[in-house]
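Okay, so here's the structure we're looking at.
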Amino acid sequence: MPKIFVKGSSKAIEYLPGQNLLQILHDNDIFIENPCNGKGSCGKCKVKITEGSLGEIPEAEKKFLSESEIKEGVRLSCLIHPESNLVIETLHKEREHKILTTGYMPEFNLSPSISKKLFEIEKPSLENQISFEDAILKSLLLDEVDFDVLKMIEPFDGVATAIFDKDKVIAIEKGNTTDNIYGLAIDIGTTTVAADLVDMNSGKAILSSSDINPQKKFGLDILTRITYALENEEQAVKNLQHEIVNLINKMTFEMCMSANISKEHIYEVSVAANTTMLHFLLGIKANSIGKSPYAPAFVKSKYIKASSIGININSNGKLYCLPGVSSYIGSDIVAGAFVAKLHDSKDNILFIDIGTNGEIVLASKGKLLSCSCAAGPALEGMNISCGMRAATGAIEDMVIDKEQVRLSVIGEQQPIGICGSGILAALRELLKTEIVKKDGSFIKKEKLAEDDYRQKYIRLNGKKREFMIEDKAKTLYITQSDIRQIQLAKGAILSGFYALLNKSGISINELDKVVIAGQFGSHLSVDSLTGTGILPKEVESKITYVGNSSKTGAYMALMSDDVKKDLEKIAKTIDYMELGASDGYERLFADCLLF
């Protein structure tokens, strides 16, 4: 069988001739960026062929490769089906990512479902051959104890600790362990995962952990992953669940090691996520979410044994998944609405989580109305020529002046790409300097005076105009296609904003507050949000940020049974509006495309 050798790795990968190179590399844990899940539409899965032959480059591949890349042997791994030995070099390395883990925390009463009680187990004797089970029931004044609890531990007598889930015993531990009650609060996003290890006695988050969602190998956005699931059926459900559960276990293990805590003392995991991510976590098919009428398998909360899906905490520990509303308004948004206190407010408040899907909830006249906008992955740096996620080396802000383009780069290193906040900052500046017009097109070089400072920022690539970001190490650029991708995202979010206002019968001037939540939105300045038209100028002074409200909601549910009940109520009161089915939406969307 032919082999593939990867530079920097000692492993020789054997493969069957005709297999897809991207799949071969993924199967052998070689990291390759592939937002489109190997569909040949994003151009990000580039590798360099240093030895071996692959034949002619098809036109579908050429459109993603520059002349210099073709000369250097760069190819798209998703479009390659090798037949012989190859030596390749991967062009993208895993980098440290900028992930939001904190957020606004409202006041609430601590009343967790999990508690501990110290008690004494009677010692049996020849005269009193009391069973272990009966001794527990007698001391705790209970009628029964679950069989799973008895299976977990060998009989003993003396001091013991009972772990309760409300009024039900879920575990018995030898000795006094009342000081050790821990839980996990987790936000599972399409792109990132953030978790807190929480001392449930004090309510203090001891440690935080974050990482990129490993399901990215199956596509960066929800619909791409659902397509993967549709094409691969049962194996896909297992693969998607395996990736996220493995990450949760890895993060749990690392936090426990750092804090010197046993995972057996973690008794509950509370998870907030979008509806698709919860389906994947629980091993439930999400296929119906991706096709009309977009009905999910479930939206109600789930309270199950964590071990039933492979999460490694106490053997009888619990997993609580917060409730959602619909396929595209998940428990992460319900958590955000609760944290922002939309249900208690008499004001007109618009809550928005800006990302691949822009979810919006409007609180007005005591009612909650929601919608979801298909913004696409461009706002997270994908489908952009030089785009990347918010990692070390990504441009996150910029200012264009007459002398140069001034850059702000994550990690203060040489820039290697542009993340979502960077592309919005660039667009803000391009509009401000009128390099890009209101309709989204670049100004023509020939219409500029020869001494106009903007001349040096615009180049022609064939007949296409591009904005140049000059840098000594690497020339980065923004194309007309990139602008169009952001324009579509902007149109989707702004049209959702106005559609909710129109449906509720309130004007933009009647809005009291606009709350920005989530990983991506929290890194966007008010100037970028209103300067690009994602949000109207009229709300500039009304914008506030709540950070990772999804994880905050998961934490509050972990620490309060009352919060769990409130979340259930709120999820039932949020109405969902399908934008595509609303009158006049197509016209509204078209109007919102203009900057």
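Residue numbering restarts at 1 for every chain of the structure tokens, chains are lettered A, B, ... in their displayed order, and ligands are numbered from 1 as they appear.
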
Excluding His279 in chain A and any residue of its chain fewer than 6 positions from it, enumerate the residues within 10 Å of it, using only C-alpha atoms, and give them as a PyMOL selection string. chain A and resi 237+240-241+273+285-287+289+296-299

Residues of range 47-93 of chain A in helix (DSSP H, G or I), written as a ChimeraX atom specification: /A:59-62,67-72,77-79

Any idea what's packed within 8 Å of Phe351 in chain A, counting only C-alpha atoms, ignoring anything in its chain fewer than 5 positions away? Could you give it as JSON, numbers by chain? {"A": [337, 340, 360, 361, 362, 514, 515, 516, 517]}

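Restricting the calculation to only C-alpha atoms, the smallest distance between Pro112 in chain A and any of A:Phe253, A:Tyr545, A:Tyr555, A:Tyr15 is found for A:Tyr555.
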
Can you tell me, as a PyMOL selection string, what residues are no more than 9 Å from Glu144 in chain A when counting only C-alpha atoms, ignoring any on the same chain fewer than 2 positions away? chain A and resi 133-134+137+142+146

Neighbouring residues of range 381-383 of chain A were defined as those with any atom within 9 Å, considering only C-alpha atoms; residues of the same chain fewer than 4 positions away were excluded. Please report them as an mmCIF file with all heavy atoms, in the first residue's frame.
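In the end it all went to result-v2.cif:
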```
data_model
loop_
_atom_site.group_PDB
_atom_site.id
_atom_site.type_symbol
_atom_site.label_atom_id
_atom_site.label_comp_id
_atom_site.auth_asym_id
_atom_site.auth_seq_id
_atom_site.Cartn_x
_atom_site.Cartn_y
_atom_site.Cartn_z
ATOM 1 N N PRO A 35 -13.263 24.440 7.024
ATOM 2 C CA PRO A 35 -14.580 24.955 7.427
ATOM 3 C C PRO A 35 -15.752 24.350 6.674
ATOM 4 O O PRO A 35 -16.841 24.227 7.228
ATOM 5 C CB PRO A 35 -14.462 26.453 7.135
ATOM 6 C CG PRO A 35 -13.007 26.746 7.199
ATOM 7 C CD PRO A 35 -12.321 25.518 6.693
ATOM 8 N N CYS A 36 -15.552 23.975 5.405
ATOM 9 C CA CYS A 36 -16.685 23.483 4.605
ATOM 10 C C CYS A 36 -16.831 21.968 4.660
ATOM 11 O O CYS A 36 -17.654 21.399 3.941
ATOM 12 C CB CYS A 36 -16.538 23.941 3.152
ATOM 13 S SG CYS A 36 -15.194 23.122 2.247
ATOM 14 N N SER A 41 -15.319 24.258 -1.139
ATOM 15 C CA SER A 41 -15.901 25.585 -1.310
ATOM 16 C C SER A 41 -15.257 26.677 -0.463
ATOM 17 O O SER A 41 -15.585 27.847 -0.617
ATOM 18 C CB SER A 41 -17.409 25.535 -0.981
ATOM 19 O OG SER A 41 -17.616 25.114 0.351
ATOM 20 N N CYS A 42 -14.338 26.311 0.448
ATOM 21 C CA CYS A 42 -13.746 27.337 1.317
ATOM 22 C C CYS A 42 -12.279 27.626 0.993
ATOM 23 O O CYS A 42 -11.768 28.708 1.290
ATOM 24 C CB CYS A 42 -13.887 26.955 2.789
ATOM 25 S SG CYS A 42 -12.829 25.580 3.317
ATOM 26 N N GLY A 43 -11.567 26.666 0.431
ATOM 27 C CA GLY A 43 -10.168 26.878 0.052
ATOM 28 C C GLY A 43 -9.196 26.942 1.207
ATOM 29 O O GLY A 43 -8.064 27.420 1.051
ATOM 30 N N LYS A 44 -9.575 26.433 2.386
ATOM 31 C CA LYS A 44 -8.720 26.558 3.575
ATOM 32 C C LYS A 44 -7.863 25.319 3.860
ATOM 33 O O LYS A 44 -6.950 25.383 4.677
ATOM 34 C CB LYS A 44 -9.594 26.834 4.811
ATOM 35 C CG LYS A 44 -10.396 28.131 4.738
ATOM 36 C CD LYS A 44 -9.515 29.349 4.839
ATOM 37 C CE LYS A 44 -10.329 30.624 4.860
ATOM 38 N NZ LYS A 44 -9.500 31.836 4.859
ATOM 39 N N LEU A 220 -17.293 23.927 10.092
ATOM 40 C CA LEU A 220 -17.251 25.007 11.083
ATOM 41 C C LEU A 220 -18.618 25.497 11.507
ATOM 42 O O LEU A 220 -18.768 26.030 12.595
ATOM 43 C CB LEU A 220 -16.435 26.190 10.548
ATOM 44 C CG LEU A 220 -14.927 26.139 10.783
ATOM 45 C CD1 LEU A 220 -14.293 27.442 10.375
ATOM 46 C CD2 LEU A 220 -14.607 25.837 12.244
ATOM 47 N N GLY A 376 -24.010 33.303 8.722
ATOM 48 C CA GLY A 376 -22.911 32.613 8.059
ATOM 49 C C GLY A 376 -21.607 32.767 8.813
ATOM 50 O O GLY A 376 -21.486 33.572 9.737
ATOM 51 N N PRO A 377 -20.568 32.001 8.434
ATOM 52 C CA PRO A 377 -19.316 31.974 9.186
ATOM 53 C C PRO A 377 -18.373 33.136 8.922
ATOM 54 O O PRO A 377 -17.309 33.222 9.535
ATOM 55 C CB PRO A 377 -18.681 30.655 8.738
ATOM 56 C CG PRO A 377 -19.190 30.449 7.350
ATOM 57 C CD PRO A 377 -20.587 31.015 7.334
ATOM 58 N N GLY A 387 -9.036 35.046 6.025
ATOM 59 C CA GLY A 387 -9.713 34.908 7.312
ATOM 60 C C GLY A 387 -9.170 33.769 8.154
ATOM 61 O O GLY A 387 -8.617 32.798 7.650
ATOM 62 N N MET A 388 -9.333 33.905 9.465
ATOM 63 C CA MET A 388 -8.974 32.867 10.415
ATOM 64 C C MET A 388 -9.768 33.106 11.700
ATOM 65 O O MET A 388 -10.398 34.140 11.865
ATOM 66 C CB MET A 388 -7.467 32.888 10.715
ATOM 67 C CG MET A 388 -6.987 34.174 11.366
ATOM 68 S SD MET A 388 -5.201 34.204 11.701
ATOM 69 C CE MET A 388 -5.062 33.013 13.042
ATOM 70 N N ARG A 389 -9.749 32.132 12.598
ATOM 71 C CA ARG A 389 -10.413 32.326 13.883
ATOM 72 C C ARG A 389 -9.582 33.265 14.750
ATOM 73 O O ARG A 389 -8.439 33.583 14.442
ATOM 74 C CB ARG A 389 -10.615 30.978 14.585
ATOM 75 C CG ARG A 389 -11.693 30.128 13.937
ATOM 76 C CD ARG A 389 -12.033 28.939 14.815
ATOM 77 N NE ARG A 389 -10.893 28.020 14.898
ATOM 78 C CZ ARG A 389 -10.715 26.999 14.076
ATOM 79 N NH1 ARG A 389 -11.586 26.783 13.123
ATOM 80 N NH2 ARG A 389 -9.680 26.216 14.204
ATOM 81 N N ALA A 390 -10.183 33.687 15.869
ATOM 82 C CA ALA A 390 -9.513 34.628 16.776
ATOM 83 C C ALA A 390 -8.418 33.907 17.540
ATOM 84 O O ALA A 390 -8.604 33.448 18.666
ATOM 85 C CB ALA A 390 -10.522 35.243 17.738
ATOM 86 N N GLY A 417 -3.368 36.513 9.438
ATOM 87 C CA GLY A 417 -4.725 36.455 8.920
ATOM 88 C C GLY A 417 -5.602 37.476 9.624
ATOM 89 O O GLY A 417 -5.126 38.273 10.434
ATOM 90 N N ILE A 418 -6.896 37.431 9.325
ATOM 91 C CA ILE A 418 -7.849 38.397 9.880
ATOM 92 C C ILE A 418 -9.010 37.631 10.513
ATOM 93 O O ILE A 418 -9.648 36.812 9.848
ATOM 94 C CB ILE A 418 -8.411 39.333 8.777
ATOM 95 C CG1 ILE A 418 -7.285 39.913 7.929
ATOM 96 C CG2 ILE A 418 -9.233 40.454 9.392
ATOM 97 C CD1 ILE A 418 -7.772 40.621 6.672
ATOM 98 N N CYS A 419 -9.276 37.882 11.789
ATOM 99 C CA CYS A 419 -10.409 37.228 12.445
ATOM 100 C C CYS A 419 -11.673 38.068 12.254
ATOM 101 O O CYS A 419 -11.641 39.132 11.622
ATOM 102 C CB CYS A 419 -10.120 36.986 13.928
ATOM 103 S SG CYS A 419 -9.993 38.477 14.927
ATOM 104 N N GLY A 420 -12.788 37.615 12.813
ATOM 105 C CA GLY A 420 -14.067 38.277 12.584
ATOM 106 C C GLY A 420 -14.103 39.730 12.994
ATOM 107 O O GLY A 420 -14.570 40.593 12.240
ATOM 108 N N SER A 421 -13.605 40.036 14.208
ATOM 109 C CA SER A 421 -13.606 41.432 14.654
ATOM 110 C C SER A 421 -12.696 42.274 13.776
ATOM 111 O O SER A 421 -12.953 43.461 13.542
ATOM 112 C CB SER A 421 -13.181 41.530 16.119
ATOM 113 O OG SER A 421 -11.886 40.997 16.316
ATOM 114 N N GLY A 422 -11.635 41.652 13.254
ATOM 115 C CA GLY A 422 -10.706 42.362 12.359
ATOM 116 C C GLY A 422 -11.327 42.704 11.026
ATOM 117 O O GLY A 422 -11.134 43.813 10.500
ATOM 118 N N ILE A 423 -12.102 41.767 10.466
ATOM 119 C CA ILE A 423 -12.717 42.030 9.167
ATOM 120 C C ILE A 423 -13.790 43.104 9.294
ATOM 121 O O ILE A 423 -13.965 43.950 8.407
ATOM 122 C CB ILE A 423 -13.287 40.733 8.524
ATOM 123 C CG1 ILE A 423 -13.657 40.947 7.043
ATOM 124 C CG2 ILE A 423 -14.480 40.211 9.269
ATOM 125 C CD1 ILE A 423 -12.488 41.071 6.131
ATOM 126 N N ASP A 482 -15.038 39.121 -0.199
ATOM 127 C CA ASP A 482 -15.036 39.198 1.268
ATOM 128 C C ASP A 482 -16.055 40.228 1.747
ATOM 129 O O ASP A 482 -16.801 39.980 2.706
ATOM 130 C CB ASP A 482 -13.645 39.589 1.793
ATOM 131 C CG ASP A 482 -12.580 38.567 1.467
ATOM 132 O OD1 ASP A 482 -12.929 37.397 1.242
ATOM 133 O OD2 ASP A 482 -11.393 38.943 1.431
ATOM 134 N N GLN A 485 -19.520 38.851 1.525
ATOM 135 C CA GLN A 485 -19.830 37.901 2.597
ATOM 136 C C GLN A 485 -20.265 38.633 3.867
ATOM 137 O O GLN A 485 -21.246 38.257 4.512
ATOM 138 C CB GLN A 485 -18.595 37.025 2.896
ATOM 139 C CG GLN A 485 -18.250 36.016 1.833
ATOM 140 C CD GLN A 485 -19.260 34.905 1.726
ATOM 141 O OE1 GLN A 485 -19.852 34.487 2.721
ATOM 142 N NE2 GLN A 485 -19.481 34.407 0.520
#
```

Looking only at the backbone, which of the residues in range 44-173 of chain A does DSSP tag as strand (DSSP E or B), as a ChimeraX atom specification? /A:46-51,74-76,86-90,97,103,111,114-121,158-165,168-173

Kindly export the residues of the current selection with N, CA, C and O atoms, as a compact mmCIF listing (two decimals), in the first residue's frame.
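Okay, selection-v1.txt is ready:
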```
# COMPACT_ATOMS: atom_id res chain seq x y z
N LYS A 46 -5.39 23.78 2.64
CA LYS A 46 -4.19 23.71 1.79
C LYS A 46 -3.06 22.91 2.44
O LYS A 46 -2.82 23.02 3.64
N VAL A 47 -2.39 22.10 1.61
CA VAL A 47 -1.17 21.40 2.01
C VAL A 47 -0.14 21.57 0.89
O VAL A 47 -0.51 21.84 -0.27
N LYS A 48 1.12 21.43 1.23
CA LYS A 48 2.17 21.54 0.22
C LYS A 48 2.71 20.15 -0.10
O LYS A 48 3.10 19.40 0.80
N ILE A 49 2.70 19.79 -1.38
CA ILE A 49 3.24 18.50 -1.82
C ILE A 49 4.73 18.71 -2.12
O ILE A 49 5.08 19.39 -3.08
N THR A 50 5.59 18.14 -1.29
CA THR A 50 7.03 18.34 -1.48
C THR A 50 7.67 17.20 -2.28
O THR A 50 8.69 17.39 -2.92
N GLU A 51 7.04 16.01 -2.24
CA GLU A 51 7.51 14.88 -3.05
C GLU A 51 6.30 14.07 -3.49
O GLU A 51 5.36 13.87 -2.72
N VAL A 74 1.36 23.74 -3.71
CA VAL A 74 0.23 23.80 -2.77
C VAL A 74 -1.03 23.26 -3.45
O VAL A 74 -1.33 23.59 -4.59
N ARG A 75 -1.75 22.42 -2.72
CA ARG A 75 -3.00 21.84 -3.22
C ARG A 75 -4.07 21.87 -2.13
O ARG A 75 -3.76 22.03 -0.95
N LEU A 76 -5.33 21.69 -2.54
CA LEU A 76 -6.42 21.57 -1.57
C LEU A 76 -6.60 20.08 -1.24
O LEU A 76 -6.91 19.28 -2.12
N LEU A 86 3.54 9.98 -1.08
CA LEU A 86 3.59 11.44 -1.04
C LEU A 86 4.34 11.89 0.20
O LEU A 86 4.27 11.24 1.25
N VAL A 87 5.03 13.03 0.08
CA VAL A 87 5.54 13.73 1.25
C VAL A 87 4.85 15.09 1.25
O VAL A 87 4.90 15.81 0.25
N ILE A 88 4.17 15.41 2.34
CA ILE A 88 3.41 16.67 2.39
C ILE A 88 3.84 17.51 3.59
O ILE A 88 4.41 17.01 4.55
N GLU A 89 3.52 18.78 3.48
CA GLU A 89 3.75 19.71 4.59
C GLU A 89 2.43 20.43 4.87
O GLU A 89 1.81 20.98 3.96
N THR A 90 1.98 20.37 6.13
CA THR A 90 0.75 21.08 6.49
C THR A 90 1.08 22.56 6.64
O THR A 90 2.15 22.92 7.12
N HIS A 97 -6.12 30.15 20.97
CA HIS A 97 -7.28 30.92 20.55
C HIS A 97 -7.77 31.84 21.66
O HIS A 97 -7.61 31.56 22.85
N GLY A 103 -18.58 36.66 32.08
CA GLY A 103 -19.76 37.43 31.72
C GLY A 103 -20.44 38.03 32.93
O GLY A 103 -20.09 37.74 34.08
N SER A 111 -29.30 27.60 45.78
CA SER A 111 -30.11 26.47 46.27
C SER A 111 -29.90 25.28 45.34
O SER A 111 -30.81 24.85 44.63
N ILE A 114 -27.89 19.48 44.33
CA ILE A 114 -26.98 18.53 44.98
C ILE A 114 -26.61 19.03 46.37
O ILE A 114 -26.26 20.19 46.56
N SER A 115 -26.70 18.14 47.36
CA SER A 115 -26.28 18.46 48.73
C SER A 115 -25.72 17.21 49.39
O SER A 115 -25.85 16.10 48.88
N LYS A 116 -25.07 17.40 50.54
CA LYS A 116 -24.50 16.27 51.28
C LYS A 116 -24.99 16.30 52.73
O LYS A 116 -25.25 17.36 53.29
N LYS A 117 -25.09 15.10 53.31
CA LYS A 117 -25.50 14.98 54.71
C LYS A 117 -24.63 13.94 55.41
O LYS A 117 -24.45 12.82 54.91
N LEU A 118 -24.08 14.34 56.55
CA LEU A 118 -23.26 13.44 57.35
C LEU A 118 -24.16 12.54 58.20
O LEU A 118 -25.15 13.02 58.78
N PHE A 119 -23.85 11.25 58.27
CA PHE A 119 -24.66 10.34 59.09
C PHE A 119 -23.81 9.15 59.56
O PHE A 119 -22.65 9.02 59.14
N GLU A 120 -24.38 8.31 60.40
CA GLU A 120 -23.68 7.17 60.97
C GLU A 120 -24.35 5.88 60.51
O GLU A 120 -25.58 5.73 60.60
N ILE A 121 -23.52 4.93 60.02
CA ILE A 121 -24.04 3.62 59.61
C ILE A 121 -23.83 2.64 60.76
O ILE A 121 -22.70 2.44 61.23
N GLY A 158 -19.92 3.08 60.46
CA GLY A 158 -19.30 4.28 61.00
C GLY A 158 -19.74 5.52 60.27
O GLY A 158 -20.82 5.58 59.66
N VAL A 159 -18.87 6.52 60.29
CA VAL A 159 -19.19 7.82 59.69
C VAL A 159 -19.30 7.69 58.16
O VAL A 159 -18.45 7.08 57.51
N ALA A 160 -20.37 8.27 57.61
CA ALA A 160 -20.59 8.23 56.16
C ALA A 160 -21.22 9.55 55.71
O ALA A 160 -21.74 10.32 56.51
N THR A 161 -21.14 9.78 54.40
CA THR A 161 -21.74 10.98 53.81
C THR A 161 -22.68 10.55 52.69
O THR A 161 -22.31 9.77 51.82
N ALA A 162 -23.91 11.06 52.78
CA ALA A 162 -24.90 10.79 51.73
C ALA A 162 -24.97 11.98 50.78
O ALA A 162 -25.00 13.12 51.22
N ILE A 163 -24.97 11.69 49.49
CA ILE A 163 -25.09 12.75 48.47
C ILE A 163 -26.53 12.70 47.97
O ILE A 163 -27.01 11.66 47.49
N PHE A 164 -27.21 13.84 48.09
CA PHE A 164 -28.60 13.94 47.68
C PHE A 164 -28.74 14.76 46.41
O PHE A 164 -28.07 15.78 46.22
N ASP A 165 -29.64 14.30 45.53
CA ASP A 165 -30.14 15.11 44.42
C ASP A 165 -31.57 15.46 44.81
O ASP A 165 -32.47 14.63 44.70
N LYS A 168 -33.43 12.72 46.90
CA LYS A 168 -33.06 11.35 46.52
C LYS A 168 -31.55 11.13 46.69
O LYS A 168 -30.75 11.94 46.22
N VAL A 169 -31.18 10.03 47.36
CA VAL A 169 -29.76 9.70 47.53
C VAL A 169 -29.21 9.16 46.22
O VAL A 169 -29.77 8.23 45.63
N ILE A 170 -28.11 9.76 45.76
CA ILE A 170 -27.48 9.28 44.51
C ILE A 170 -26.12 8.63 44.76
O ILE A 170 -25.56 8.00 43.87
N ALA A 171 -25.57 8.78 45.97
CA ALA A 171 -24.29 8.16 46.29
C ALA A 171 -24.07 8.16 47.80
O ALA A 171 -24.61 9.00 48.52
N ILE A 172 -23.28 7.19 48.27
CA ILE A 172 -22.84 7.11 49.66
C ILE A 172 -21.32 7.05 49.66
O ILE A 172 -20.72 6.29 48.89
N GLU A 173 -20.70 7.86 50.52
CA GLU A 173 -19.23 7.88 50.59
C GLU A 173 -18.78 7.62 52.02
O GLU A 173 -19.43 8.04 52.99
```

For Ser202 in chain A, find every residue with an atom within 12 Å (counting only C-alpha atoms), except residues of its own chain fewer than 5 positions away, and show them as a ChimeraX atom specification. /A:109-112,115,179-183,559

Store the residues of this selection in a file with N, CA and C atoms, as a compact mmCIF listing (two decimals), in the first residue's frame.
```txt
# COMPACT_ATOMS: atom_id res chain seq x y z
N ASN A 109 -30.34 33.49 44.53
CA ASN A 109 -30.19 32.69 45.75
C ASN A 109 -29.62 31.32 45.42
N LEU A 110 -28.59 30.93 46.18
CA LEU A 110 -27.98 29.62 45.97
C LEU A 110 -28.86 28.54 46.60
N SER A 111 -29.30 27.60 45.78
CA SER A 111 -30.11 26.47 46.27
C SER A 111 -29.90 25.28 45.34
N PRO A 112 -28.65 24.76 45.30
CA PRO A 112 -28.34 23.69 44.34
C PRO A 112 -29.13 22.41 44.59
N SER A 115 -26.70 18.14 47.36
CA SER A 115 -26.28 18.46 48.73
C SER A 115 -25.72 17.21 49.39
N ASP A 179 -17.17 18.58 52.70
CA ASP A 179 -16.48 19.76 52.14
C ASP A 179 -16.27 19.66 50.64
N ASN A 180 -16.47 18.46 50.09
CA ASN A 180 -16.15 18.22 48.68
C ASN A 180 -17.40 18.00 47.84
N ILE A 181 -17.99 19.10 47.39
CA ILE A 181 -19.14 19.03 46.46
C ILE A 181 -18.81 19.93 45.27
N TYR A 182 -18.64 19.34 44.10
CA TYR A 182 -18.24 20.12 42.92
C TYR A 182 -19.18 19.85 41.75
N GLY A 183 -19.22 20.81 40.86
CA GLY A 183 -20.01 20.69 39.64
C GLY A 183 -19.32 21.37 38.48
N MET A 559 -26.23 25.98 40.32
CA MET A 559 -26.22 26.44 41.71
C MET A 559 -27.61 26.73 42.28
```

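Our summary of the geometry notes that CA of Asn509 in chain A is positioned 26.8 Å from CA of Gly440 in chain A.
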
One number please: CA of Cys386 in chain A to CA of Ile416 in chain A, in Å, one decimal. 8.0 Å

Do you know which residues are at most 12 Å from Ile506 in chain A counting only C-alpha atoms, after dropping those on the same chain fewer than 5 positions away, and could you put them as a ChimeraX atom specification? /A:347-350,362-365,497-501,511-512

May I have the residues from that selection written out with C-alpha atoms, as a PDB file, in the first residue's frame?
```pdb
ATOM      1  CA  ASP A 347     -38.396  48.131  29.274  1.00  0.00           C
ATOM      2  CA  ASN A 348     -38.043  47.419  25.556  1.00  0.00           C
ATOM      3  CA  ILE A 349     -34.832  45.386  25.408  1.00  0.00           C
ATOM      4  CA  LEU A 350     -33.266  43.683  22.419  1.00  0.00           C
ATOM      5  CA  LEU A 362     -36.956  41.218  21.926  1.00  0.00           C
ATOM      6  CA  ALA A 363     -38.580  41.923  25.290  1.00  0.00           C
ATOM      7  CA  SER A 364     -41.513  44.302  24.860  1.00  0.00           C
ATOM      8  CA  LYS A 365     -44.807  44.817  26.689  1.00  0.00           C
ATOM      9  CA  PHE A 497     -33.471  43.351  14.213  1.00  0.00           C
ATOM     10  CA  TYR A 498     -36.049  45.387  12.284  1.00  0.00           C
ATOM     11  CA  ALA A 499     -38.389  42.421  11.697  1.00  0.00           C
ATOM     12  CA  LEU A 500     -38.787  41.905  15.453  1.00  0.00           C
ATOM     13  CA  LEU A 501     -39.405  45.612  16.022  1.00  0.00           C
ATOM     14  CA  LEU A 511     -35.833  50.717  22.386  1.00  0.00           C
ATOM     15  CA  ASP A 512     -34.371  51.237  25.864  1.00  0.00           C
TER      16      ASP A 512
END
```

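Proximity of A:Pro106, A:Gly496, A:Gly366, A:Pro214 to Val245 in chain A, computed with only C-alpha atoms, is greatest for A:Pro214.
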
Among A:Val334, A:Leu342, A:Leu223, A:Met152, Glu264 in chain A is approached most closely, using only C-alpha atoms, by A:Met152

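Among the candidate residues A:Lys166, A:His81, A:Lys71, A:Lys346, the one lying nearest to Asp561 in chain A is A:Lys166, with distances computed using only C-alpha atoms.
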
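For the set A:Lys402, A:Lys456, A:Lys11, A:Lys569, the residue with the smallest atom-to-atom gap to Gly324 in chain A is A:Lys569, counting only C-alpha atoms.
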